[in-house]
$ cat run.cif   # mmCIF, C-alpha atoms and all ligand atoms
data_start
loop_
_atom_site.group_PDB
_atom_site.id
_atom_site.type_symbol
_atom_site.label_atom_id
_atom_site.label_comp_id
_atom_site.auth_asym_id
_atom_site.auth_seq_id
_atom_site.Cartn_x
_atom_site.Cartn_y
_atom_site.Cartn_z
ATOM 1 C CA MET V 1 -7.369 -191.606 -90.162
ATOM 2 C CA GLU V 2 -4.268 -192.626 -92.142
ATOM 3 C CA LEU V 3 -2.584 -189.407 -91.081
ATOM 4 C CA LEU V 4 -3.286 -190.239 -87.459
ATOM 5 C CA LEU V 5 -1.945 -193.793 -87.870
ATOM 6 C CA LYS V 6 1.165 -192.416 -89.527
ATOM 7 C CA GLU V 7 1.736 -190.114 -86.550
ATOM 8 C CA MET V 8 1.283 -192.994 -84.105
ATOM 9 C CA ILE V 9 3.754 -195.148 -86.037
ATOM 10 C CA GLU V 10 6.432 -192.466 -86.221
ATOM 11 C CA LYS V 11 5.973 -191.499 -82.575
ATOM 12 C CA ASN V 12 6.413 -195.101 -81.449
ATOM 13 C CA ARG V 13 9.070 -196.231 -83.918
ATOM 14 C CA PRO V 14 11.964 -195.211 -81.605
ATOM 15 C CA LEU V 15 10.630 -197.766 -79.083
ATOM 16 C CA THR V 16 11.730 -200.555 -81.410
ATOM 17 C CA SER V 17 15.248 -199.967 -80.070
ATOM 18 C CA PHE V 18 14.076 -201.257 -76.665
ATOM 19 C CA GLY V 19 13.235 -204.664 -78.120
ATOM 20 C CA LYS V 20 15.106 -207.483 -79.801
ATOM 21 C CA VAL V 21 14.249 -209.593 -82.822
ATOM 22 C CA ALA V 22 13.807 -213.304 -82.095
ATOM 23 C CA THR V 23 17.035 -215.231 -82.636
ATOM 24 C CA TYR V 24 16.158 -218.728 -81.430
ATOM 25 C CA ILE V 25 14.860 -219.365 -84.952
ATOM 26 C CA PRO V 26 18.141 -218.389 -86.674
ATOM 27 C CA GLU V 27 16.487 -217.113 -89.846
ATOM 28 C CA LEU V 28 14.421 -214.570 -87.876
ATOM 29 C CA SER V 29 17.586 -212.872 -86.605
ATOM 30 C CA ASN V 30 18.105 -211.375 -90.093
ATOM 31 C CA VAL V 31 14.956 -209.254 -89.843
ATOM 32 C CA ASP V 32 15.234 -205.441 -89.605
ATOM 33 C CA SER V 33 14.356 -204.459 -86.024
ATOM 34 C CA ASN V 34 13.181 -200.919 -86.944
ATOM 35 C CA ILE V 35 10.166 -202.119 -88.865
ATOM 36 C CA LEU V 36 6.791 -200.872 -87.623
ATOM 37 C CA GLY V 37 3.539 -200.919 -89.561
ATOM 38 C CA ILE V 38 -0.224 -201.163 -89.181
ATOM 39 C CA ALA V 39 -3.309 -201.873 -91.299
ATOM 40 C CA ILE V 40 -6.915 -201.515 -90.174
ATOM 41 C CA LEU V 41 -9.838 -202.971 -92.090
ATOM 42 C CA ASP V 42 -13.257 -201.899 -90.889
ATOM 43 C CA LYS V 43 -16.620 -203.584 -91.287
ATOM 44 C CA GLU V 44 -17.536 -201.319 -94.186
ATOM 45 C CA GLY V 45 -14.467 -202.572 -96.069
ATOM 46 C CA GLN V 46 -12.408 -199.386 -95.619
ATOM 47 C CA LEU V 47 -8.685 -200.044 -95.343
ATOM 48 C CA TYR V 48 -6.354 -197.692 -93.465
ATOM 49 C CA LYS V 49 -2.611 -198.307 -93.404
ATOM 50 C CA ALA V 50 0.611 -196.687 -92.253
ATOM 51 C CA GLY V 51 4.324 -197.347 -91.825
ATOM 52 C CA ASP V 52 5.735 -200.678 -93.006
ATOM 53 C CA TYR V 53 2.293 -202.176 -93.550
ATOM 54 C CA ASP V 54 3.318 -203.957 -96.754
ATOM 55 C CA ILE V 55 6.474 -205.611 -95.426
ATOM 56 C CA LYS V 56 6.318 -209.390 -95.321
ATOM 57 C CA PHE V 57 6.773 -211.331 -92.105
ATOM 58 C CA THR V 58 5.970 -214.849 -90.895
ATOM 59 C CA LEU V 59 2.808 -215.476 -88.903
ATOM 60 C CA GLN V 60 4.461 -217.624 -86.201
ATOM 61 C CA SER V 61 2.027 -217.783 -83.265
ATOM 62 C CA VAL V 62 -0.502 -215.523 -85.001
ATOM 63 C CA SER V 63 -1.383 -218.741 -86.838
ATOM 64 C CA LYS V 64 -2.451 -220.498 -83.623
ATOM 65 C CA PRO V 65 -6.036 -219.146 -83.307
ATOM 66 C CA ILE V 66 -6.739 -220.168 -86.905
ATOM 67 C CA THR V 67 -5.385 -223.692 -86.508
ATOM 68 C CA LEU V 68 -7.463 -223.991 -83.372
ATOM 69 C CA MET V 69 -10.517 -222.848 -85.332
ATOM 70 C CA LEU V 70 -9.944 -225.508 -87.979
ATOM 71 C CA ALA V 71 -9.330 -228.209 -85.347
ATOM 72 C CA LEU V 72 -12.621 -227.252 -83.659
ATOM 73 C CA MET V 73 -14.427 -227.350 -87.012
ATOM 74 C CA ASP V 74 -12.884 -230.758 -87.787
ATOM 75 C CA CYS V 75 -13.186 -232.513 -84.429
ATOM 76 C CA GLY V 76 -15.657 -230.585 -82.272
ATOM 77 C CA LYS V 77 -15.268 -228.971 -78.899
ATOM 78 C CA GLU V 78 -15.377 -232.112 -76.810
ATOM 79 C CA LEU V 79 -12.509 -233.911 -78.499
ATOM 80 C CA VAL V 80 -10.313 -230.803 -78.766
ATOM 81 C CA PHE V 81 -10.714 -229.876 -75.096
ATOM 82 C CA ASP V 82 -10.145 -233.440 -74.074
ATOM 83 C CA LYS V 83 -6.561 -232.889 -75.254
ATOM 84 C CA VAL V 84 -5.902 -229.225 -74.519
ATOM 85 C CA GLY V 85 -7.108 -226.986 -71.677
ATOM 86 C CA MET V 86 -8.809 -223.583 -71.495
ATOM 87 C CA GLU V 87 -6.727 -221.766 -68.895
ATOM 88 C CA PRO V 88 -3.929 -219.170 -69.050
ATOM 89 C CA THR V 89 -0.522 -220.376 -67.872
ATOM 90 C CA GLY V 90 1.309 -217.304 -66.580
ATOM 91 C CA ASP V 91 4.379 -218.928 -68.146
ATOM 92 C CA PRO V 92 6.300 -218.117 -71.343
ATOM 93 C CA PHE V 93 4.917 -219.408 -74.653
ATOM 94 C CA ASN V 94 7.513 -222.138 -75.015
ATOM 95 C CA SER V 95 7.513 -223.294 -71.397
ATOM 96 C CA MET V 96 7.374 -227.017 -70.662
ATOM 97 C CA ARG V 97 7.402 -226.604 -66.889
ATOM 98 C CA LYS V 98 3.750 -227.460 -66.220
ATOM 99 C CA LEU V 99 3.416 -230.249 -68.758
ATOM 100 C CA GLU V 100 4.617 -232.934 -66.403
ATOM 101 C CA THR V 101 3.255 -231.605 -63.122
ATOM 102 C CA LEU V 102 -0.355 -231.227 -64.271
ATOM 103 C CA ASN V 103 -2.771 -234.097 -64.019
ATOM 104 C CA PRO V 104 -4.016 -234.947 -66.618
ATOM 105 C CA SER V 105 -0.873 -234.069 -68.517
ATOM 106 C CA LYS V 106 -2.463 -231.856 -71.173
ATOM 107 C CA PRO V 107 -1.237 -228.404 -72.251
ATOM 108 C CA LEU V 108 -3.089 -225.618 -70.449
ATOM 109 C CA ASN V 109 -4.293 -223.831 -73.580
ATOM 110 C CA PRO V 110 -3.951 -223.832 -77.390
ATOM 111 C CA MET V 111 -2.088 -220.481 -77.579
ATOM 112 C CA ILE V 112 1.139 -221.777 -76.011
ATOM 113 C CA ASN V 113 3.392 -223.904 -78.191
ATOM 114 C CA ALA V 114 2.555 -227.251 -76.575
ATOM 115 C CA GLY V 115 -1.199 -226.657 -76.916
ATOM 116 C CA ALA V 116 -0.890 -225.293 -80.443
ATOM 117 C CA ILE V 117 1.004 -228.398 -81.552
ATOM 118 C CA VAL V 118 -1.893 -230.463 -80.170
ATOM 119 C CA ALA V 119 -4.407 -228.352 -82.146
ATOM 120 C CA THR V 120 -2.342 -228.816 -85.319
ATOM 121 C CA SER V 121 -2.303 -232.583 -84.740
ATOM 122 C CA LEU V 122 -6.120 -232.619 -84.844
ATOM 123 C CA ILE V 123 -6.460 -231.173 -88.348
ATOM 124 C CA LYS V 124 -8.022 -233.715 -90.680
ATOM 125 C CA GLY V 125 -6.595 -235.015 -93.954
ATOM 126 C CA ASN V 126 -5.534 -238.320 -95.484
ATOM 127 C CA ASP V 127 -1.873 -237.342 -95.359
ATOM 128 C CA ASN V 128 0.262 -234.386 -94.322
ATOM 129 C CA GLN V 129 0.040 -232.782 -97.751
ATOM 130 C CA GLU V 130 -3.755 -232.785 -97.622
ATOM 131 C CA LYS V 131 -3.721 -231.389 -94.081
ATOM 132 C CA PHE V 132 -1.347 -228.636 -95.169
ATOM 133 C CA ASN V 133 -3.488 -227.837 -98.218
ATOM 134 C CA ARG V 134 -6.597 -227.530 -96.039
ATOM 135 C CA LEU V 135 -4.756 -225.286 -93.610
ATOM 136 C CA MET V 136 -3.324 -223.123 -96.390
ATOM 137 C CA ASP V 137 -6.739 -222.831 -98.085
ATOM 138 C CA THR V 138 -8.191 -221.612 -94.806
ATOM 139 C CA PHE V 139 -5.506 -218.948 -94.394
ATOM 140 C CA LYS V 140 -5.918 -217.857 -98.025
ATOM 141 C CA LYS V 141 -9.678 -217.502 -97.658
ATOM 142 C CA ILE V 142 -9.718 -215.587 -94.407
ATOM 143 C CA SER V 143 -6.842 -213.287 -95.388
ATOM 144 C CA ASN V 144 -8.543 -212.680 -98.713
ATOM 145 C CA ASN V 145 -5.203 -213.387 -100.395
ATOM 146 C CA SER V 146 -4.961 -216.414 -102.661
ATOM 147 C CA LYS V 147 -1.216 -215.847 -103.082
ATOM 148 C CA LEU V 148 -0.189 -216.646 -99.504
ATOM 149 C CA ALA V 149 2.769 -219.029 -99.271
ATOM 150 C CA ILE V 150 5.270 -220.172 -96.695
ATOM 151 C CA ASN V 151 8.701 -218.634 -96.284
ATOM 152 C CA GLU V 152 10.815 -221.669 -97.071
ATOM 153 C CA SER V 153 13.982 -220.523 -95.288
ATOM 154 C CA VAL V 154 12.170 -219.635 -92.042
ATOM 155 C CA TYR V 155 10.359 -222.972 -92.178
ATOM 156 C CA LEU V 156 13.578 -224.945 -92.702
ATOM 157 C CA SER V 157 15.390 -222.906 -90.066
ATOM 158 C CA GLU V 158 12.800 -223.729 -87.407
ATOM 159 C CA LYS V 159 12.498 -227.348 -88.515
ATOM 160 C CA LYS V 160 16.251 -227.727 -88.083
ATOM 161 C CA THR V 161 16.536 -226.017 -84.700
ATOM 162 C CA GLY V 162 13.113 -226.534 -83.053
ATOM 163 C CA ASP V 163 14.280 -229.010 -80.434
ATOM 164 C CA ARG V 164 12.269 -227.478 -77.623
ATOM 165 C CA ASN V 165 9.016 -227.946 -79.545
ATOM 166 C CA ARG V 166 10.239 -231.372 -80.625
ATOM 167 C CA SER V 167 10.855 -232.480 -77.046
ATOM 168 C CA MET V 168 7.435 -231.256 -75.892
ATOM 169 C CA ALA V 169 5.737 -233.038 -78.781
ATOM 170 C CA TYR V 170 7.462 -236.357 -78.011
ATOM 171 C CA PHE V 171 6.529 -235.957 -74.351
ATOM 172 C CA LEU V 172 2.901 -235.325 -75.336
ATOM 173 C CA ARG V 173 2.831 -238.491 -77.390
ATOM 174 C CA ASP V 174 4.255 -240.427 -74.466
ATOM 175 C CA VAL V 175 1.352 -239.314 -72.256
ATOM 176 C CA GLY V 176 -1.216 -240.072 -74.977
ATOM 177 C CA ILE V 177 -2.183 -236.484 -75.872
ATOM 178 C CA LEU V 178 -0.582 -236.556 -79.321
ATOM 179 C CA ASN V 179 -1.301 -239.418 -81.667
ATOM 180 C CA GLY V 180 0.534 -240.264 -84.849
ATOM 181 C CA ASP V 181 3.884 -239.370 -86.334
ATOM 182 C CA VAL V 182 5.455 -236.605 -84.226
ATOM 183 C CA GLU V 183 7.788 -235.395 -86.996
ATOM 184 C CA GLU V 184 4.859 -235.051 -89.395
ATOM 185 C CA ILE V 185 2.829 -233.111 -86.844
ATOM 186 C CA LEU V 186 5.790 -230.807 -86.176
ATOM 187 C CA ASP V 187 6.367 -230.365 -89.889
ATOM 188 C CA LEU V 188 2.808 -229.103 -90.279
ATOM 189 C CA TYR V 189 3.203 -226.848 -87.231
ATOM 190 C CA PHE V 190 6.483 -225.330 -88.509
ATOM 191 C CA LYS V 191 4.851 -224.741 -91.893
ATOM 192 C CA GLN V 192 1.833 -222.945 -90.413
ATOM 193 C CA CYS V 193 4.219 -220.727 -88.418
ATOM 194 C CA SER V 194 6.169 -219.865 -91.592
ATOM 195 C CA ILE V 195 3.229 -218.559 -93.618
ATOM 196 C CA GLU V 196 4.271 -215.174 -94.939
ATOM 197 C CA VAL V 197 1.875 -212.244 -94.691
ATOM 198 C CA ASN V 198 1.744 -208.464 -94.456
ATOM 199 C CA CYS V 199 -0.353 -206.250 -92.164
ATOM 200 C CA VAL V 200 -3.231 -206.085 -94.666
ATOM 201 C CA ASP V 201 -3.494 -209.904 -94.724
ATOM 202 C CA VAL V 202 -3.564 -209.964 -90.933
ATOM 203 C CA ALA V 203 -6.165 -207.173 -90.769
ATOM 204 C CA ASN V 204 -8.366 -209.294 -93.060
ATOM 205 C CA MET V 205 -7.909 -212.302 -90.773
ATOM 206 C CA GLY V 206 -8.815 -210.179 -87.749
ATOM 207 C CA MET V 207 -11.877 -208.783 -89.532
ATOM 208 C CA PHE V 208 -13.024 -212.320 -90.341
ATOM 209 C CA LEU V 209 -12.949 -213.215 -86.634
ATOM 210 C CA ALA V 210 -14.488 -209.862 -85.689
ATOM 211 C CA ASN V 211 -17.266 -210.628 -88.184
ATOM 212 C CA GLN V 212 -18.033 -213.960 -86.468
ATOM 213 C CA GLY V 213 -16.656 -216.235 -89.161
ATOM 214 C CA ILE V 214 -18.126 -214.528 -92.221
ATOM 215 C CA LEU V 215 -15.843 -214.064 -95.250
ATOM 216 C CA LYS V 216 -15.752 -210.903 -97.386
ATOM 217 C CA THR V 217 -17.890 -212.807 -99.901
ATOM 218 C CA GLY V 218 -20.644 -213.136 -97.281
ATOM 219 C CA GLU V 219 -20.068 -216.870 -96.828
ATOM 220 C CA GLN V 220 -20.281 -218.171 -93.247
ATOM 221 C CA PHE V 221 -16.967 -220.065 -93.344
ATOM 222 C CA ALA V 222 -16.668 -220.919 -89.635
ATOM 223 C CA PRO V 223 -19.520 -221.301 -87.139
ATOM 224 C CA LYS V 224 -20.058 -218.255 -84.944
ATOM 225 C CA HIS V 225 -19.650 -220.199 -81.691
ATOM 226 C CA ILE V 226 -16.210 -221.421 -82.794
ATOM 227 C CA THR V 227 -15.002 -217.905 -83.589
ATOM 228 C CA GLN V 228 -16.276 -216.914 -80.129
ATOM 229 C CA ILE V 229 -14.097 -219.591 -78.507
ATOM 230 C CA VAL V 230 -11.101 -218.472 -80.566
ATOM 231 C CA LYS V 231 -11.542 -214.787 -79.648
ATOM 232 C CA THR V 232 -11.947 -215.674 -75.985
ATOM 233 C CA PHE V 233 -8.573 -217.456 -76.026
ATOM 234 C CA MET V 234 -7.092 -214.397 -77.718
ATOM 235 C CA VAL V 235 -8.251 -212.300 -74.738
ATOM 236 C CA THR V 236 -7.120 -214.701 -72.011
ATOM 237 C CA CYS V 237 -3.936 -216.141 -73.555
ATOM 238 C CA GLY V 238 -3.239 -214.369 -76.868
ATOM 239 C CA MET V 239 -0.379 -212.233 -75.559
ATOM 240 C CA TYR V 240 0.979 -215.065 -73.373
ATOM 241 C CA ASP V 241 1.963 -214.030 -69.863
ATOM 242 C CA ALA V 242 1.288 -210.379 -70.747
ATOM 243 C CA SER V 243 -2.378 -211.021 -71.621
ATOM 244 C CA GLY V 244 -3.698 -209.379 -68.438
ATOM 245 C CA GLU V 245 -1.746 -206.169 -68.902
ATOM 246 C CA PHE V 246 -2.666 -206.069 -72.595
ATOM 247 C CA ALA V 247 -6.369 -206.535 -71.758
ATOM 248 C CA ILE V 248 -6.178 -203.527 -69.470
ATOM 249 C CA ASN V 249 -4.193 -201.317 -71.856
ATOM 250 C CA VAL V 250 -5.734 -202.311 -75.204
ATOM 251 C CA GLY V 251 -8.780 -204.447 -74.371
ATOM 252 C CA VAL V 252 -9.143 -206.197 -77.717
ATOM 253 C CA PRO V 253 -8.912 -209.942 -78.580
ATOM 254 C CA SER V 254 -5.407 -210.199 -80.039
ATOM 255 C CA LYS V 255 -2.688 -212.694 -80.910
ATOM 256 C CA SER V 256 1.015 -212.015 -81.197
ATOM 257 C CA GLY V 257 3.850 -213.957 -82.796
ATOM 258 C CA VAL V 258 7.650 -213.920 -82.598
ATOM 259 C CA GLY V 259 7.790 -212.679 -86.192
ATOM 260 C CA GLY V 260 6.576 -209.390 -84.671
ATOM 261 C CA GLY V 261 2.999 -209.677 -85.885
ATOM 262 C CA ILE V 262 -0.151 -208.945 -83.881
ATOM 263 C CA MET V 263 -3.661 -209.745 -85.109
ATOM 264 C CA CYS V 264 -6.606 -207.991 -83.452
ATOM 265 C CA ALA V 265 -10.306 -208.683 -83.853
ATOM 266 C CA VAL V 266 -12.492 -205.850 -82.588
ATOM 267 C CA PRO V 267 -15.910 -207.545 -82.409
ATOM 268 C CA ASN V 268 -18.288 -206.343 -85.125
ATOM 269 C CA ARG V 269 -16.035 -203.381 -85.897
ATOM 270 C CA MET V 270 -12.615 -204.037 -87.405
ATOM 271 C CA GLY V 271 -9.589 -206.220 -87.922
ATOM 272 C CA ILE V 272 -6.111 -204.868 -87.230
ATOM 273 C CA GLY V 273 -2.736 -206.161 -88.380
ATOM 274 C CA VAL V 274 0.455 -204.829 -86.813
ATOM 275 C CA VAL V 275 4.108 -205.677 -87.404
ATOM 276 C CA GLY V 276 7.111 -204.738 -85.290
ATOM 277 C CA PRO V 277 9.736 -207.505 -85.048
ATOM 278 C CA ALA V 278 11.576 -205.994 -82.060
ATOM 279 C CA LEU V 279 10.104 -208.007 -79.173
ATOM 280 C CA ASP V 280 9.876 -207.458 -75.433
ATOM 281 C CA ASN V 281 10.990 -210.135 -72.973
ATOM 282 C CA LYS V 282 7.619 -211.894 -73.237
ATOM 283 C CA GLY V 283 7.842 -212.255 -77.005
ATOM 284 C CA ASN V 284 5.405 -209.477 -77.949
ATOM 285 C CA SER V 285 6.190 -206.602 -80.333
ATOM 286 C CA VAL V 286 7.426 -203.841 -78.057
ATOM 287 C CA ALA V 287 6.392 -200.900 -80.264
ATOM 288 C CA GLY V 288 3.421 -202.771 -81.770
ATOM 289 C CA VAL V 289 1.747 -203.042 -78.378
ATOM 290 C CA LYS V 290 2.236 -199.303 -77.767
ATOM 291 C CA VAL V 291 0.750 -198.411 -81.166
ATOM 292 C CA LEU V 292 -2.259 -200.593 -80.380
ATOM 293 C CA LYS V 293 -2.690 -198.880 -77.027
ATOM 294 C CA ALA V 294 -2.754 -195.496 -78.764
ATOM 295 C CA VAL V 295 -5.187 -196.714 -81.446
ATOM 296 C CA SER V 296 -7.455 -198.349 -78.874
ATOM 297 C CA GLU V 297 -7.585 -195.205 -76.742
ATOM 298 C CA HIS V 298 -8.214 -192.978 -79.717
ATOM 299 C CA LEU V 299 -10.997 -195.111 -81.227
ATOM 300 C CA SER V 300 -12.390 -196.440 -77.909
ATOM 301 C CA LEU V 301 -11.847 -200.045 -78.948
ATOM 302 C CA SER V 302 -11.754 -201.780 -75.556
ATOM 303 C CA ILE V 303 -14.470 -204.420 -75.343
ATOM 304 C CA PHE V 304 -14.567 -204.182 -71.555
HETATM 305 N N1 LIG S 1 7.160 -220.955 -84.333
HETATM 306 C C1 LIG S 1 7.326 -220.369 -83.031
HETATM 307 C C2 LIG S 1 7.640 -221.459 -82.012
HETATM 308 O O1 LIG S 1 7.043 -222.494 -82.053
HETATM 309 C C3 LIG S 1 6.094 -219.633 -82.648
HETATM 310 C C4 LIG S 1 6.210 -219.015 -81.286
HETATM 311 C C5 LIG S 1 5.656 -217.626 -81.192
HETATM 312 O O2 LIG S 1 5.388 -216.961 -82.177
HETATM 313 N N2 LIG S 1 5.519 -217.144 -79.983
HETATM 314 O O3 LIG S 1 8.470 -221.259 -81.155
#

$ encode --input "run.cif" --output "structure tokens"
Amino acid sequence: MELLLKEMIEKNRPLTSFGKVATYIPELSNVDSNILGIAILDKEGQLYKAGDYDIKFTLQSVSKPITLMLALMDCGKELVFDKVGMEPTGDPFNSMRKLETLNPSKPLNPMINAGAIVATSLIKGNDNQEKFNRLMDTFKKISNNSKLAINESVYLSEKKTGDRNRSMAYFLRDVGILNGDVEEILDLYFKQCSIEVNCVDVANMGMFLANQGILKTGEQFAPKHITQIVKTFMVTCGMYDASGEFAINVGVPSKSGVGGGIMCAVPNRMGIGVVGPALDNKGNSVAGVKVLKAVSEHLSLSIF
């Protein structure tokens, strides 16, 4: 299996030259665009890896399904979906176009930036530090890596330049969707996006969702019905406005991020972590998506 993955990585690596690393977060522009790696963790605990699987990258939007999970565990379905919708947008991940025209004025789903910021705002804790600790503990548990930490320079870089997210968050407070201190909410959001991982961490996270919220230790950490909601969003909105094409070509609940990461949860079978920082024009890893297509075809992973 590892030999096969290695072949798939090397065959698709040249495609990285057709993508570009994200530059709107200045610190991300320093990343090597040739990177491509994969790790697969199956239900039996077997780990298969190839390429740059151990290179560190920031989760960015790959964090969104997990924050949503915690928000649902903290506040329940009714409250969460009172503030954020359940429908795909067909717009880019950072679009603010529909925020004002929709009535009520709530973000269409929790996988786009506006909706993810709302989910982050719903995480419980007495202060921001406690909220961050709870979030970090969750990521450590489900990635099976107690050493996870944020990349301080990526975090500060986005905090300094994230005016688009900032403007959406202030707008959302104006219309009553966000409550509380906007800068604190954004701080937590930028931190969650800056958590540094490798493909093995992400494969563990995917396996946790694939295994319906059960940790490697056997503990049921998140209720099954919440992980079902999360995986459904990954199918309908996880790859933004390329989610339809991805569902046809790969057919697995997945979430991408502008750090080049993709997390996949193949129900009851495996978790997959991919990294390839060269992105296509929709913000998805250009070579990463192609590797996943090859893996999905080879192992018949499509859930459809
Ligand atoms: N931190 C990034 C942002 O808010 C995450 C976006 C992404 O990964 N698509 O813009």

$ residues_near_ligand --input "run.cif" --ligand "ligand LIG 1 (chain S)" --cutoff "6 Å" --atoms "all atoms listed in the file" --output "mmCIF file with C-alpha atoms, in the coordinates of the input"
data_model
loop_
_atom_site.group_PDB
_atom_site.id
_atom_site.type_symbol
_atom_site.label_atom_id
_atom_site.label_comp_id
_atom_site.auth_asym_id
_atom_site.auth_seq_id
_atom_site.Cartn_x
_atom_site.Cartn_y
_atom_site.Cartn_z
ATOM 1 C CA GLN V 60 4.461 -217.624 -86.201
ATOM 2 C CA SER V 61 2.027 -217.783 -83.265
ATOM 3 C CA PHE V 93 4.917 -219.408 -74.653
ATOM 4 C CA ASN V 113 3.392 -223.904 -78.191
ATOM 5 C CA CYS V 193 4.219 -220.727 -88.418
ATOM 6 C CA GLY V 257 3.850 -213.957 -82.796
ATOM 7 C CA VAL V 258 7.650 -213.920 -82.598
#

$ closest_residue --input "run.cif" --among "V:Ala169, V:Ile272, V:Ile303, V:Cys199" --to "Ile35 of chain V" --atoms "all atoms listed in the file"
V:Cys199

$ residues_around --input "run.cif" --residues "Glu7 of chain V" --least-positions-apart "4" --cutoff "10 Å" --atoms "only C-alpha atoms" --output "PyMOL selection string"
chain V and resi 1-3+11-13+50-51+291

$ resolve_selection --input "run.cif" --expression "the PyMOL selection byres (((chain V and resi 19-22) around 12) and not hetatm)" --output "PyMOL selection string"
chain V and resi 13-18+23-35+58+60+154+158+257-261+275-289

$ residues_around --input "run.cif" --residues "Gly218 of chain V" --least-positions-apart "5" --cutoff "12 Å" --atoms "all atoms listed in the file" --output "list in words"
Lys43, Lys141, Ile142, Phe208, Asn211, Gln212 and Gly213 of chain V

$ closest_residue --input "run.cif" --among "V:Ser302, V:Thr101, V:Ser143, V:Asn249" --to "Val200 of chain V" --atoms "all atoms listed in the file"
V:Ser143

$ axis_aligned_box --input "run.cif" --around "segment 106-116 of chain V" --padding-each-side "5 Å" --output "AutoDock Vina command-line options"
--center_x -0.5 --center_y -226.2 --center_z -75.4 --size_x 17.7 --size_y 21.4 --size_z 20.0

$ resolve_selection --input "run.cif" --expression "the PyMOL selection byres (((chain V and resi 262) around 6) and not hetatm)" --output "list in words"
Lys255, Ser256, Gly261, Met263, Gly273 and Val274 of chain V

$ resolve_selection --input "run.cif" --expression "the PyMOL selection byres (((chain V and resi 67) around 8) and not hetatm)" --output "count of residues only"
13

$ closest_residue --input "run.cif" --among "V:Val62, V:Ala149, V:Ile248, V:Leu47" --to "Glu196 of chain V" --atoms "all atoms listed in the file"
V:Ala149

$ residues_near_point --input "run.cif" --point "(-14.2, -209.5, -87.7)" --cutoff "8 Å" --atoms "only C-alpha atoms" --output "PyMOL selection string"
chain V and resi 43+204-214+265-271

$ atom_distance --input "run.cif" --atom1 "atom CA of Leu172 of chain V" --atom2 "atom CA of Gly238 of chain V"
21.9 Å

$ residues_around --input "run.cif" --residues "Lys49 of chain V" --least-positions-apart "6" --cutoff "7 Å" --atoms "all atoms listed in the file" --output "PyMOL selection string"
chain V and resi 2+38-40

$ residues_around --input "run.cif" --residues "Ala247 of chain V" --least-positions-apart "3" --cutoff "12 Å" --atoms "all atoms listed in the file" --output "ChimeraX atom specification"
/V:232-244,250-255,264,289,292-293,296,301-304

$ write_last_selection --input "run.cif" --atoms "C-alpha atoms" --output "compact mmCIF listing (two decimals), in the frame of the given file"
# COMPACT_ATOMS: atom_id res chain seq x y z
CA THR V 232 -11.95 -215.67 -75.98
CA PHE V 233 -8.57 -217.46 -76.03
CA MET V 234 -7.09 -214.40 -77.72
CA VAL V 235 -8.25 -212.30 -74.74
CA THR V 236 -7.12 -214.70 -72.01
CA CYS V 237 -3.94 -216.14 -73.56
CA GLY V 238 -3.24 -214.37 -76.87
CA MET V 239 -0.38 -212.23 -75.56
CA TYR V 240 0.98 -215.06 -73.37
CA ASP V 241 1.96 -214.03 -69.86
CA ALA V 242 1.29 -210.38 -70.75
CA SER V 243 -2.38 -211.02 -71.62
CA GLY V 244 -3.70 -209.38 -68.44
CA VAL V 250 -5.73 -202.31 -75.20
CA GLY V 251 -8.78 -204.45 -74.37
CA VAL V 252 -9.14 -206.20 -77.72
CA PRO V 253 -8.91 -209.94 -78.58
CA SER V 254 -5.41 -210.20 -80.04
CA LYS V 255 -2.69 -212.69 -80.91
CA CYS V 264 -6.61 -207.99 -83.45
CA VAL V 289 1.75 -203.04 -78.38
CA LEU V 292 -2.26 -200.59 -80.38
CA LYS V 293 -2.69 -198.88 -77.03
CA SER V 296 -7.46 -198.35 -78.87
CA LEU V 301 -11.85 -200.04 -78.95
CA SER V 302 -11.75 -201.78 -75.56
CA ILE V 303 -14.47 -204.42 -75.34
CA PHE V 304 -14.57 -204.18 -71.56
